[in-house]
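A.B. asks: This is structure_37.tsv, which holds TSV, C-alpha atoms:
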chain	number	residue	atom	x	y	z
W	1031	MET	CA	9.19	-35.34	-4.11
W	1032	ARG	CA	10.66	-34.93	-0.62
W	1033	ILE	CA	11.30	-31.26	0.13
W	1034	LEU	CA	13.11	-29.52	3.00
W	1035	ALA	CA	11.88	-25.93	3.41
W	1036	ILE	CA	14.35	-23.79	5.39
W	1037	GLN	CA	13.16	-20.55	7.02
W	1038	LEU	CA	15.50	-19.25	9.74
W	1039	ASN	CA	14.36	-15.62	9.88
W	1040	GLN	CA	11.96	-14.13	12.44
W	1041	PRO	CA	8.83	-16.02	13.65
W	1042	GLY	CA	6.53	-13.87	11.53
W	1043	ASP	CA	8.45	-14.97	8.45
W	1044	ALA	CA	7.40	-18.56	9.17
W	1045	ILE	CA	3.77	-17.46	8.79
W	1046	LEU	CA	4.60	-15.63	5.55
W	1047	THR	CA	6.04	-18.90	4.19
W	1048	THR	CA	2.83	-20.89	4.72
W	1049	PRO	CA	1.25	-20.11	1.32
W	1050	ALA	CA	4.30	-21.62	-0.41
W	1051	LEU	CA	4.30	-24.62	1.93
W	1052	ARG	CA	0.59	-25.22	1.30
W	1053	TRP	CA	1.05	-24.99	-2.46
W	1054	LEU	CA	3.88	-27.53	-2.36
W	1055	MET	CA	1.78	-29.92	-0.27
W	1056	ASP	CA	-1.18	-29.46	-2.61
W	1057	GLN	CA	1.06	-30.67	-5.45
W	1058	GLY	CA	1.53	-33.93	-3.59
W	1059	HIS	CA	5.02	-33.27	-2.23
W	1060	GLU	CA	6.24	-34.45	1.17
W	1061	VAL	CA	7.25	-31.24	2.96
W	1062	HIS	CA	9.53	-30.98	5.99
W	1063	VAL	CA	10.45	-27.62	7.55
W	1064	LEU	CA	13.49	-26.31	9.45
W	1065	LEU	CA	12.70	-23.14	11.38
W	1066	GLN	CA	13.99	-21.02	14.22
W	1067	PRO	CA	12.41	-22.17	17.53
W	1068	LEU	CA	9.45	-19.77	17.76
W	1069	GLY	CA	8.66	-20.32	14.10
W	1070	ALA	CA	8.66	-24.06	14.72
W	1071	GLU	CA	6.22	-23.58	17.60
W	1072	LEU	CA	3.90	-21.59	15.34
W	1073	LEU	CA	3.84	-24.21	12.56
W	1074	GLN	CA	3.78	-27.33	14.72
W	1075	ALA	CA	0.03	-27.81	14.14
W	1076	MET	CA	-0.08	-26.89	10.43
W	1077	PRO	CA	-1.94	-29.75	8.72
W	1078	GLY	CA	0.04	-31.73	6.17
W	1079	LEU	CA	3.61	-31.01	7.22
W	1080	THR	CA	5.62	-34.20	7.59
W	1081	SER	CA	8.04	-32.83	10.19
W	1082	VAL	CA	8.80	-29.54	11.92
W	1083	ASP	CA	12.35	-29.02	13.25
W	1084	SER	CA	13.81	-26.06	15.12
W	1085	LEU	CA	17.33	-24.63	14.93
W	1086	PRO	CA	18.25	-22.00	17.57
W	1087	ARG	CA	20.13	-18.92	16.43
W	1088	GLY	CA	23.88	-19.05	16.96
W	1089	SER	CA	23.66	-22.57	18.32
W	1090	ILE	CA	26.29	-25.12	17.29
W	1091	GLN	CA	26.01	-28.51	18.99
W	1092	ILE	CA	28.15	-30.98	17.12
W	1093	VAL	CA	26.41	-34.18	18.23
W	1094	ARG	CA	22.92	-32.74	17.71
W	1095	ASP	CA	23.80	-31.31	14.29
W	1096	ILE	CA	25.49	-34.52	13.10
W	1097	ARG	CA	22.43	-36.51	14.14
W	1098	ARG	CA	20.14	-34.09	12.32
W	1099	ALA	CA	22.28	-34.22	9.17
W	1100	LEU	CA	22.32	-38.04	9.23
W	1101	ARG	CA	18.55	-38.12	9.73
W	1102	TYR	CA	18.06	-35.74	6.81
W	1103	ARG	CA	20.29	-37.91	4.64
W	1104	SER	CA	18.24	-40.97	5.57
W	1105	ILE	CA	15.02	-39.20	4.52
W	1106	GLY	CA	16.43	-38.74	1.03
W	1107	PHE	CA	15.47	-35.16	0.20
W	1108	ASP	CA	15.13	-34.33	-3.48
W	1109	TRP	CA	14.99	-30.56	-3.01
W	1110	ALA	CA	15.95	-28.03	-0.33
W	1111	VAL	CA	14.49	-24.53	-0.62
W	1112	VAL	CA	15.94	-21.66	1.42
W	1113	PHE	CA	13.04	-19.28	2.00
W	1114	SER	CA	14.92	-17.17	4.54
W	1115	ARG	CA	17.62	-14.71	3.58
W	1116	CYS	CA	20.09	-17.03	1.84
W	1117	SER	CA	23.10	-16.61	4.12
W	1118	ASP	CA	25.72	-19.13	5.21
W	1119	ARG	CA	23.76	-21.07	7.84
W	1120	PRO	CA	20.56	-21.91	5.91
W	1121	ALA	CA	22.62	-22.62	2.79
W	1122	LEU	CA	24.84	-24.99	4.79
W	1123	TRP	CA	21.78	-26.90	6.01
W	1124	ALA	CA	20.54	-27.12	2.43
W	1125	LEU	CA	23.82	-28.87	1.58
W	1126	LEU	CA	23.80	-31.06	4.71
W	1127	SER	CA	20.28	-32.23	3.86
W	1128	GLY	CA	21.72	-34.20	0.96
W	1129	ALA	CA	19.21	-32.72	-1.48
W	1130	LYS	CA	20.46	-32.74	-5.06
W	1131	LYS	CA	18.64	-29.50	-5.88
W	1132	ARG	CA	19.28	-26.61	-3.49
W	1133	THR	CA	17.41	-23.37	-4.23
W	1134	GLY	CA	18.03	-19.90	-2.85
W	1135	LEU	CA	17.43	-16.26	-3.72
W	1136	HIS	CA	20.53	-14.68	-5.23
W	1137	SER	CA	21.89	-11.37	-3.95
W	1138	SER	CA	25.13	-9.39	-4.09
W	1139	HIS	CA	26.01	-10.72	-0.61
W	1140	ASN	CA	25.81	-14.46	-1.18
W	1141	ALA	CA	27.56	-15.27	-4.47
W	1142	HIS	CA	30.22	-17.22	-2.54
W	1143	LEU	CA	27.59	-19.81	-1.57
W	1144	GLY	CA	27.38	-20.84	-5.20
W	1145	ARG	CA	31.15	-21.12	-5.53
W	1146	TYR	CA	31.17	-23.54	-2.60
W	1147	ARG	CA	28.21	-25.43	-4.14
W	1148	LEU	CA	26.03	-24.90	-1.08
W	1149	ILE	CA	23.37	-23.53	-3.43
W	1150	ASN	CA	23.17	-24.88	-6.98
W	1151	ASP	CA	19.83	-23.44	-8.12
W	1152	TRP	CA	19.95	-19.65	-7.83
W	1153	GLN	CA	16.77	-17.66	-8.38
W	1154	ASP	CA	17.04	-13.95	-9.13
W	1155	ASN	CA	14.85	-11.44	-7.33
W	1156	SER	CA	11.86	-11.01	-9.64
W	1157	ILE	CA	10.46	-7.54	-10.21
W	1158	LYS	CA	7.03	-9.12	-10.85
W	1159	TYR	CA	6.54	-9.86	-7.16
W	1160	THR	CA	6.42	-7.42	-4.28
W	1161	HIS	CA	5.11	-9.06	-1.13
W	1162	THR	CA	7.35	-11.52	0.73
W	1163	SER	CA	4.74	-14.31	0.48
W	1164	GLU	CA	4.67	-13.87	-3.30
W	1165	HIS	CA	8.45	-14.23	-3.43
W	1166	HIS	CA	8.17	-17.44	-1.41
W	1167	LEU	CA	5.64	-18.84	-3.89
W	1168	TYR	CA	8.01	-17.86	-6.70
W	1169	LEU	CA	10.87	-19.77	-5.03
W	1170	ALA	CA	8.56	-22.78	-4.64
W	1171	GLY	CA	7.92	-22.74	-8.39
W	1172	ALA	CA	4.25	-21.77	-8.20
W	1173	PRO	CA	2.68	-20.26	-11.36
W	1174	ASP	CA	1.92	-16.53	-11.34
W	1175	ASN	CA	-1.84	-17.02	-10.91
W	1176	VAL	CA	-1.50	-19.04	-7.69
W	1177	ALA	CA	-0.88	-16.10	-5.34
W	1178	ALA	CA	-4.39	-14.68	-5.79
W	1179	ARG	CA	-5.88	-17.92	-4.40
W	1180	GLN	CA	-3.49	-18.45	-1.50
W	1181	LYS	CA	-3.66	-17.16	2.06
W	1182	LEU	CA	-1.60	-17.20	5.23
W	1183	GLU	CA	-2.14	-20.07	7.64
W	1184	TYR	CA	-1.86	-20.42	11.38
W	1185	HIS	CA	-3.42	-23.16	13.51
W	1186	PRO	CA	-3.11	-22.78	17.30
W	1187	PRO	CA	-2.55	-26.21	18.88
W	1188	ALA	CA	-5.53	-27.76	20.66
W	1189	ALA	CA	-3.87	-27.47	24.08
W	1190	ASP	CA	-3.48	-23.72	23.65
W	1191	LEU	CA	-7.07	-23.30	22.51
W	1192	THR	CA	-8.15	-25.16	25.65
W	1193	TRP	CA	-5.95	-22.86	27.73
W	1194	ALA	CA	-7.49	-19.78	26.07
W	1195	ALA	CA	-11.01	-21.05	26.75
W	1196	GLU	CA	-10.18	-21.34	30.44
W	1197	TRP	CA	-8.51	-17.90	30.41
W	1198	MET	CA	-11.72	-16.40	29.02
W	1199	ARG	CA	-13.94	-18.34	31.42
W	1200	GLN	CA	-12.04	-16.99	34.42
W	1201	ARG	CA	-12.56	-13.42	33.17
W	1202	LYS	CA	-16.19	-13.97	32.11
W	1203	LEU	CA	-15.37	-13.35	28.45
W	1204	THR	CA	-16.65	-15.13	25.36
W	1205	ALA	CA	-15.09	-15.63	21.94
W	1206	GLY	CA	-15.23	-12.36	20.05
W	1207	GLY	CA	-15.93	-10.46	23.25
W	1208	TYR	CA	-12.72	-8.43	23.52
W	1209	LEU	CA	-10.18	-6.56	21.41
W	1210	LEU	CA	-6.46	-7.37	21.51
W	1211	LEU	CA	-3.77	-4.68	21.27
W	1212	HIS	CA	-0.17	-5.74	20.74
W	1213	ALA	CA	1.78	-2.50	20.64
W	1214	THR	CA	5.37	-3.76	20.50
W	1215	ALA	CA	7.74	-5.37	18.02
W	1216	ARG	CA	11.39	-6.32	17.64
W	1217	TRP	CA	12.33	-2.85	16.36
W	1218	PRO	CA	11.40	0.06	18.66
W	1219	SER	CA	11.11	2.29	15.57
W	1220	LYS	CA	7.97	0.33	14.65
W	1221	TYR	CA	6.21	1.39	17.86
W	1222	TRP	CA	3.30	3.78	17.86
W	1223	PRO	CA	4.52	6.48	20.31
W	1224	MET	CA	3.35	6.38	23.92
W	1225	PRO	CA	1.16	9.54	23.87
W	1226	ASN	CA	-0.82	8.19	20.89
W	1227	LEU	CA	-1.23	4.79	22.52
W	1228	VAL	CA	-2.33	6.27	25.84
W	1229	GLU	CA	-5.03	8.31	24.17
W	1230	PHE	CA	-6.20	5.29	22.17
W	1231	VAL	CA	-6.40	2.97	25.20
W	1232	ARG	CA	-8.25	5.55	27.32
W	1233	GLN	CA	-10.96	5.89	24.68
W	1234	ALA	CA	-11.06	2.38	23.23
W	1235	LYS	CA	-13.66	0.73	25.45
W	1236	SER	CA	-16.23	3.53	25.23
W	1237	ARG	CA	-15.68	4.15	21.51
W	1238	LEU	CA	-15.41	0.52	20.38
W	1239	ASN	CA	-17.81	-1.06	22.90
W	1240	LEU	CA	-15.53	-3.97	23.78
W	1241	PRO	CA	-13.03	-4.52	26.60
W	1242	LEU	CA	-9.36	-4.26	25.68
W	1243	LEU	CA	-6.60	-6.82	26.28
W	1244	ILE	CA	-3.00	-5.57	25.95
W	1245	THR	CA	-0.28	-8.17	25.30
W	1246	ALA	CA	3.50	-7.96	25.01
W	1247	GLY	CA	6.40	-10.31	24.38
W	1248	ARG	CA	9.18	-11.18	26.79
W	1249	ASP	CA	11.89	-8.86	25.47
W	1250	SER	CA	12.95	-6.39	28.17
W	1251	PHE	CA	12.34	-3.33	25.99
W	1252	GLU	CA	8.84	-4.57	25.07
W	1253	LEU	CA	8.01	-5.20	28.71
W	1254	GLU	CA	9.29	-1.81	29.88
W	1255	PHE	CA	7.32	0.00	27.18
W	1256	SER	CA	4.11	-1.96	27.79
W	1257	ARG	CA	4.28	-1.57	31.57
W	1258	GLU	CA	4.60	2.18	31.14
W	1259	LEU	CA	1.57	2.09	28.82
W	1260	ILE	CA	-0.69	0.25	31.26
W	1261	ALA	CA	0.50	2.51	34.10
W	1262	GLN	CA	-0.68	5.56	32.17
W	1263	ALA	CA	-3.77	3.97	30.63
W	1264	PRO	CA	-4.92	0.82	32.45
W	1265	PRO	CA	-6.72	-1.59	30.08
W	1266	ASP	CA	-9.40	-4.08	31.06
W	1267	PHE	CA	-6.92	-6.97	30.85
W	1268	HIS	CA	-3.22	-7.40	30.19
W	1269	GLU	CA	-0.73	-10.22	29.65
W	1270	LEU	CA	2.80	-8.84	29.52
W	1271	GLY	CA	5.58	-11.35	28.99
W	1272	THR	CA	3.41	-14.18	30.34
W	1273	LEU	CA	2.33	-15.92	27.14
W	1274	THR	CA	3.85	-18.49	24.83
W	1275	VAL	CA	3.53	-17.67	21.14
W	1276	ASN	CA	0.70	-20.17	20.75
W	1277	GLN	CA	-1.16	-18.92	23.83
W	1278	LEU	CA	-0.95	-15.46	22.26
W	1279	GLY	CA	-2.17	-16.96	18.99
W	1280	ALA	CA	-5.11	-18.60	20.74
W	1281	LEU	CA	-6.09	-15.30	22.39
W	1282	ILE	CA	-5.89	-13.55	19.02
W	1283	LYS	CA	-8.07	-16.27	17.48
W	1284	ASN	CA	-10.74	-15.70	20.15
W	1285	SER	CA	-10.60	-11.91	19.98
W	1286	GLY	CA	-13.16	-9.75	18.23
W	1287	GLY	CA	-10.47	-7.65	16.57
W	1288	PHE	CA	-6.76	-6.82	16.55
W	1289	ILE	CA	-4.74	-3.61	16.74
W	1290	GLY	CA	-0.98	-3.70	16.35
W	1291	VAL	CA	2.19	-2.76	14.52
W	1292	ASP	CA	4.29	-4.64	11.97
W	1293	SER	CA	5.09	-7.74	14.04
W	1294	MET	CA	4.60	-11.48	14.37
W	1295	PRO	CA	1.23	-11.07	16.19
W	1296	MET	CA	0.00	-8.95	13.28
W	1297	HIS	CA	0.74	-11.82	10.88
W	1298	LEU	CA	-1.05	-14.23	13.22
W	1299	ALA	CA	-4.11	-11.96	13.19
W	1300	ALA	CA	-3.94	-11.79	9.39
W	1301	ALA	CA	-3.68	-15.57	9.09
W	1302	LEU	CA	-6.60	-16.05	11.49
W	1303	GLY	CA	-8.84	-13.70	9.50
W	1304	LYS	CA	-9.22	-11.16	12.30
W	1305	PRO	CA	-10.61	-7.70	11.51
W	1306	GLY	CA	-8.54	-4.80	12.75
W	1307	VAL	CA	-5.86	-2.22	12.11
W	1308	ALA	CA	-2.15	-2.65	11.35
W	1309	LEU	CA	0.02	0.44	11.93
W	1310	PHE	CA	3.08	0.81	9.69
W	1311	GLY	CA	6.00	3.22	9.92
W	1312	PRO	CA	9.57	2.51	8.74
W	1313	THR	CA	8.76	-0.82	7.05
W	1314	ALA	CA	7.04	-1.31	3.71
W	1315	ASP	CA	3.50	-2.64	4.02
W	1316	ASN	CA	3.51	-3.75	0.37
W	1317	VAL	CA	6.40	-6.10	1.28
W	1318	TRP	CA	5.66	-7.05	4.90
W	1319	GLY	CA	2.02	-6.11	5.36
W	1320	PRO	CA	-0.94	-8.34	6.33
W	1321	TRP	CA	-1.34	-10.43	3.18
W	1322	HIS	CA	-4.83	-11.22	1.87
W	1323	SER	CA	-6.38	-10.38	5.21
W	1324	ARG	CA	-9.12	-8.37	6.92
W	1325	LEU	CA	-6.64	-6.00	8.57
W	1326	THR	CA	-6.62	-2.39	7.40
W	1327	VAL	CA	-3.18	-0.78	7.09
W	1328	LEU	CA	-2.76	2.77	8.39
W	1329	ARG	CA	0.41	4.69	7.66
W	1330	ASN	CA	1.88	8.06	6.71
W	1331	GLU	CA	4.77	8.72	4.37
W	1332	CYS	CA	8.00	7.83	6.14
W	1333	ARG	CA	11.32	9.50	5.44
W	1334	CYS	CA	13.30	6.60	6.89
W	1335	LEU	CA	11.49	4.15	4.61
W	1336	LEU	CA	12.26	6.26	1.56
W	1337	GLU	CA	15.91	6.46	2.65
W	1338	HIS	CA	16.01	2.71	3.40
W	1339	LYS	CA	16.82	3.19	7.07
W	1340	ARG	CA	15.58	1.09	9.99
W	1341	SER	CA	15.25	3.95	12.43
W	1342	CYS	CA	13.69	7.34	11.96
W	1343	PRO	CA	15.64	10.61	12.46
W	1344	LYS	CA	14.29	10.97	16.01
W	1345	GLY	CA	15.70	7.59	17.01
W	1346	PRO	CA	13.47	4.87	18.48
W	1347	GLU	CA	10.32	6.94	17.96
W	1348	SER	CA	9.10	6.77	14.38
W	1349	ALA	CA	8.26	10.25	13.12
W	1350	CYS	CA	5.71	8.93	10.63
W	1351	LEU	CA	3.89	6.98	13.33
W	1352	ALA	CA	4.00	9.95	15.70
W	1353	THR	CA	1.85	11.91	13.25
W	1354	LEU	CA	-0.78	9.14	13.14
W	1355	PRO	CA	-3.37	10.30	15.69
W	1356	ALA	CA	-5.36	8.07	18.02
W	1357	GLU	CA	-8.57	9.50	16.58
W	1358	ALA	CA	-7.75	8.14	13.12
W	1359	VAL	CA	-7.11	4.66	14.51
W	1360	LEU	CA	-10.28	4.74	16.63
W	1361	GLN	CA	-12.39	5.81	13.67
W	1362	THR	CA	-10.89	3.18	11.37
W	1363	MET	CA	-11.27	0.44	13.95
W	1364	ALA	CA	-14.91	1.41	14.56
W	1365	GLN	CA	-15.60	1.21	10.81
W	1366	VAL	CA	-13.85	-2.16	10.55
W	1367	LEU	CA	-15.83	-3.62	13.44
W	1368	LYS	CA	-19.09	-2.25	12.02
W	1369	LYS	CA	-18.54	-4.36	8.88
W	1370	THR	CA	-18.13	-7.62	10.81
Using the file provided, produce a representation of the structure as structure tokens.
C.D. replies:
Amino acid sequence: MRILAIQLNQPGDAILTTPALRWLMDQGHEVHVLLQPLGAELLQAMPGLTSVDSLPRGSIQIVRDIRRALRYRSIGFDWAVVFSRCSDRPALWALLSGAKKRTGLHSSHNAHLGRYRLINDWQDNSIKYTHTSEHHLYLAGAPDNVAARQKLEYHPPAADLTWAAEWMRQRKLTAGGYLLLHATARWPSKYWPMPNLVEFVRQAKSRLNLPLLITAGRDSFELEFSRELIAQAPPDFHELGTLTVNQLGALIKNSGGFIGVDSMPMHLAAALGKPGVALFGPTADNVWGPWHSRLTVLRNECRCLLEHKRSCPKGPESACLATLPAEAVLQTMAQVLKKT
């Protein structure tokens, strides 16, 4: 069967879809994927995928889209599965693919997609599954016992691994010889507050016996926050806004451990089997946490999570993360590293 898997959410969601993609390929299906650009970069080297296409957010280019639709029709898809939130755009591409069976997760916000026949195989949200990766396996038709044997996948391309080897050589580092801290995410409310981070960074090298690399994405808020952090607590190394997603992935792969918040780099660390700590605040770790990984989740009860809000009462600073002290993270990270 020829299958088009559509995942147009955030880059980390592409990683969370990999167990379902692997299960489909293991059943002998020919799997193609349509992802947002960073997600496509992350999955470009995943073994077994027949094709990896990217679709920028909010981008409508008539000639490009007609060519893609014609190419999809020529492939002859049997099934299109919308793994992302089943809104208008992914559902439209399911229809344009020409697949006779078009599957999506039903919600109160997308019933109109069925009326227009964009989706013709609705799946209801199952109460049996909690984590996002389990829901993806459910949409792919995997039996209940499959999830226990699956794991996240991420394979940094060879060129990026070569780049990382040279990066380490220039700094006289070896694989496993440093820790990587990625303190930022798309939502500022996910951030561990600055005072906690500063205390952690100042003590990390002496307490954990490894140099510390701090990384950040290219978003202006991430850069501003991370530059303030390294000004107050200079790490051994930093790469702020300088890395591609796969260069970051290659540095995570070569690290001795990872510390971070709910973010795409956290899912990369989980997929790569890195030991470390994942800090959670206003998002549910049982839904979005590091799945089947060596990362330890640290969190406190969060009022905004209980009230289903994306920002805590104090605004961009998450109150539940503010009460998570640096000492607790240092102790947990030391215990995690001791086990490796």
A.B. asks: If you count all atoms listed in the file, which residues fall within 7 Å of His1268 of chain W, apart from same-chain ones fewer than 5 positions away, as a PyMOL selection string?
C.D. replies: chain W and resi 1243-1245
A.B. asks: Compile the contact shell of Leu1278 of chain W as a PyMOL selection string: residues with an atom at most 9 Å away, counting all atoms listed in the file, same-chain residues fewer than 2 positions apart removed.
C.D. replies: chain W and resi 1190+1194+1245+1273-1276+1280-1283+1295
A.B. asks: Please report the interatomic distance between atom CA of Ala1234 of chain W and atom CA of Leu1298 of chain W in Å with one decimal.
C.D. replies: 21.8 Å
A.B. asks: Do you know which residues are at most 9 Å from Trp1053 of chain W counting only C-alpha atoms, after dropping those on the same chain fewer than 4 positions away, and could you put them as a list in words?
C.D. replies: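 Listing them by chain and then by number gives Thr1048, Pro1049, Gln1057, Leu1167, Ala1170, Ala1172, Val1176 and Gln1180 of chain W.
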A.B. asks: Pull C-alpha atoms from the residues just selected and write them as an mmCIF file, keeping the file's coordinate frame.
C.D. replies:
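So out.cif came out as:
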data_model
loop_
_atom_site.group_PDB
_atom_site.id
_atom_site.type_symbol
_atom_site.label_atom_id
_atom_site.label_comp_id
_atom_site.auth_asym_id
_atom_site.auth_seq_id
_atom_site.Cartn_x
_atom_site.Cartn_y
_atom_site.Cartn_z
ATOM 1 C CA THR W 1048 2.830 -20.890 4.720
ATOM 2 C CA PRO W 1049 1.250 -20.110 1.320
ATOM 3 C CA GLN W 1057 1.060 -30.670 -5.450
ATOM 4 C CA LEU W 1167 5.640 -18.840 -3.890
ATOM 5 C CA ALA W 1170 8.560 -22.780 -4.640
ATOM 6 C CA ALA W 1172 4.250 -21.770 -8.200
ATOM 7 C CA VAL W 1176 -1.500 -19.040 -7.690
ATOM 8 C CA GLN W 1180 -3.490 -18.450 -1.500
#
A.B. asks: Quote the spacing between atom CA of His1136 of chain W and atom CA of Asn1150 of chain W in Å to one decimal place.
C.D. replies: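 Rounded to one decimal, the two atoms are 10.7 Å apart.
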A.B. asks: Could you tell me which of W:Ile1289, W:Leu1034, W:Met1224, W:Cys1332 comes closest to Leu1065 of chain W if we count all atoms listed in the file?
C.D. replies: W:Leu1034
A.B. asks: Which of these residues is nearest to Asp1083 of chain W, using only C-alpha atoms: W:Ile1149, W:Leu1064, W:Ala1177, W:Ala1356?
C.D. replies: W:Leu1064
A.B. asks: Could you state the separation of atom CA of Asn1155 of chain W and atom CA of Leu1169 of chain W in Å, given to one decimal place?
C.D. replies: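 So the two atoms, atom CA of Asn1155 of chain W and atom CA of Leu1169 of chain W, lie 9.5 Å apart.
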A.B. asks: Which is closer to Ala1129 of chain W than all the others in W:Trp1197, W:Phe1310, W:Trp1222, W:Trp1109, using only C-alpha atoms?
C.D. replies: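 When distances to Ala1129 of chain W are compared using only C-alpha atoms, the smallest one comes from W:Trp1109.
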A.B. asks: List the spatial neighbours of Asn1239 of chain W as a list in words - criterion: any atom at most 12 Å away, all atoms listed in the file, same-chain residues fewer than 4 positions off excluded.
C.D. replies: Gly1206, Gly1207, Tyr1208, Leu1209, Gln1233, Ala1234, Lys1235, Gly1286, Gly1287, Leu1360, Met1363, Ala1364, Leu1367 and Lys1368 of chain W
A.B. asks: May I ask which of the residues W:Ser1293, W:Ser1137, W:Ser1117, W:Ser1285 is the closest one to Leu1038 of chain W, counting all atoms listed in the file?
C.D. replies: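 Closest residue, counting all atoms listed in the file: W:Ser1117.
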A.B. asks: Between W:Ser1323, W:Gln1361, W:Asn1284, W:Asn1316, which one has atoms that come closest to Tyr1159 of chain W, using all atoms listed in the file?
C.D. replies: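 The answer is W:Asn1316, which sits nearest to Tyr1159 of chain W.
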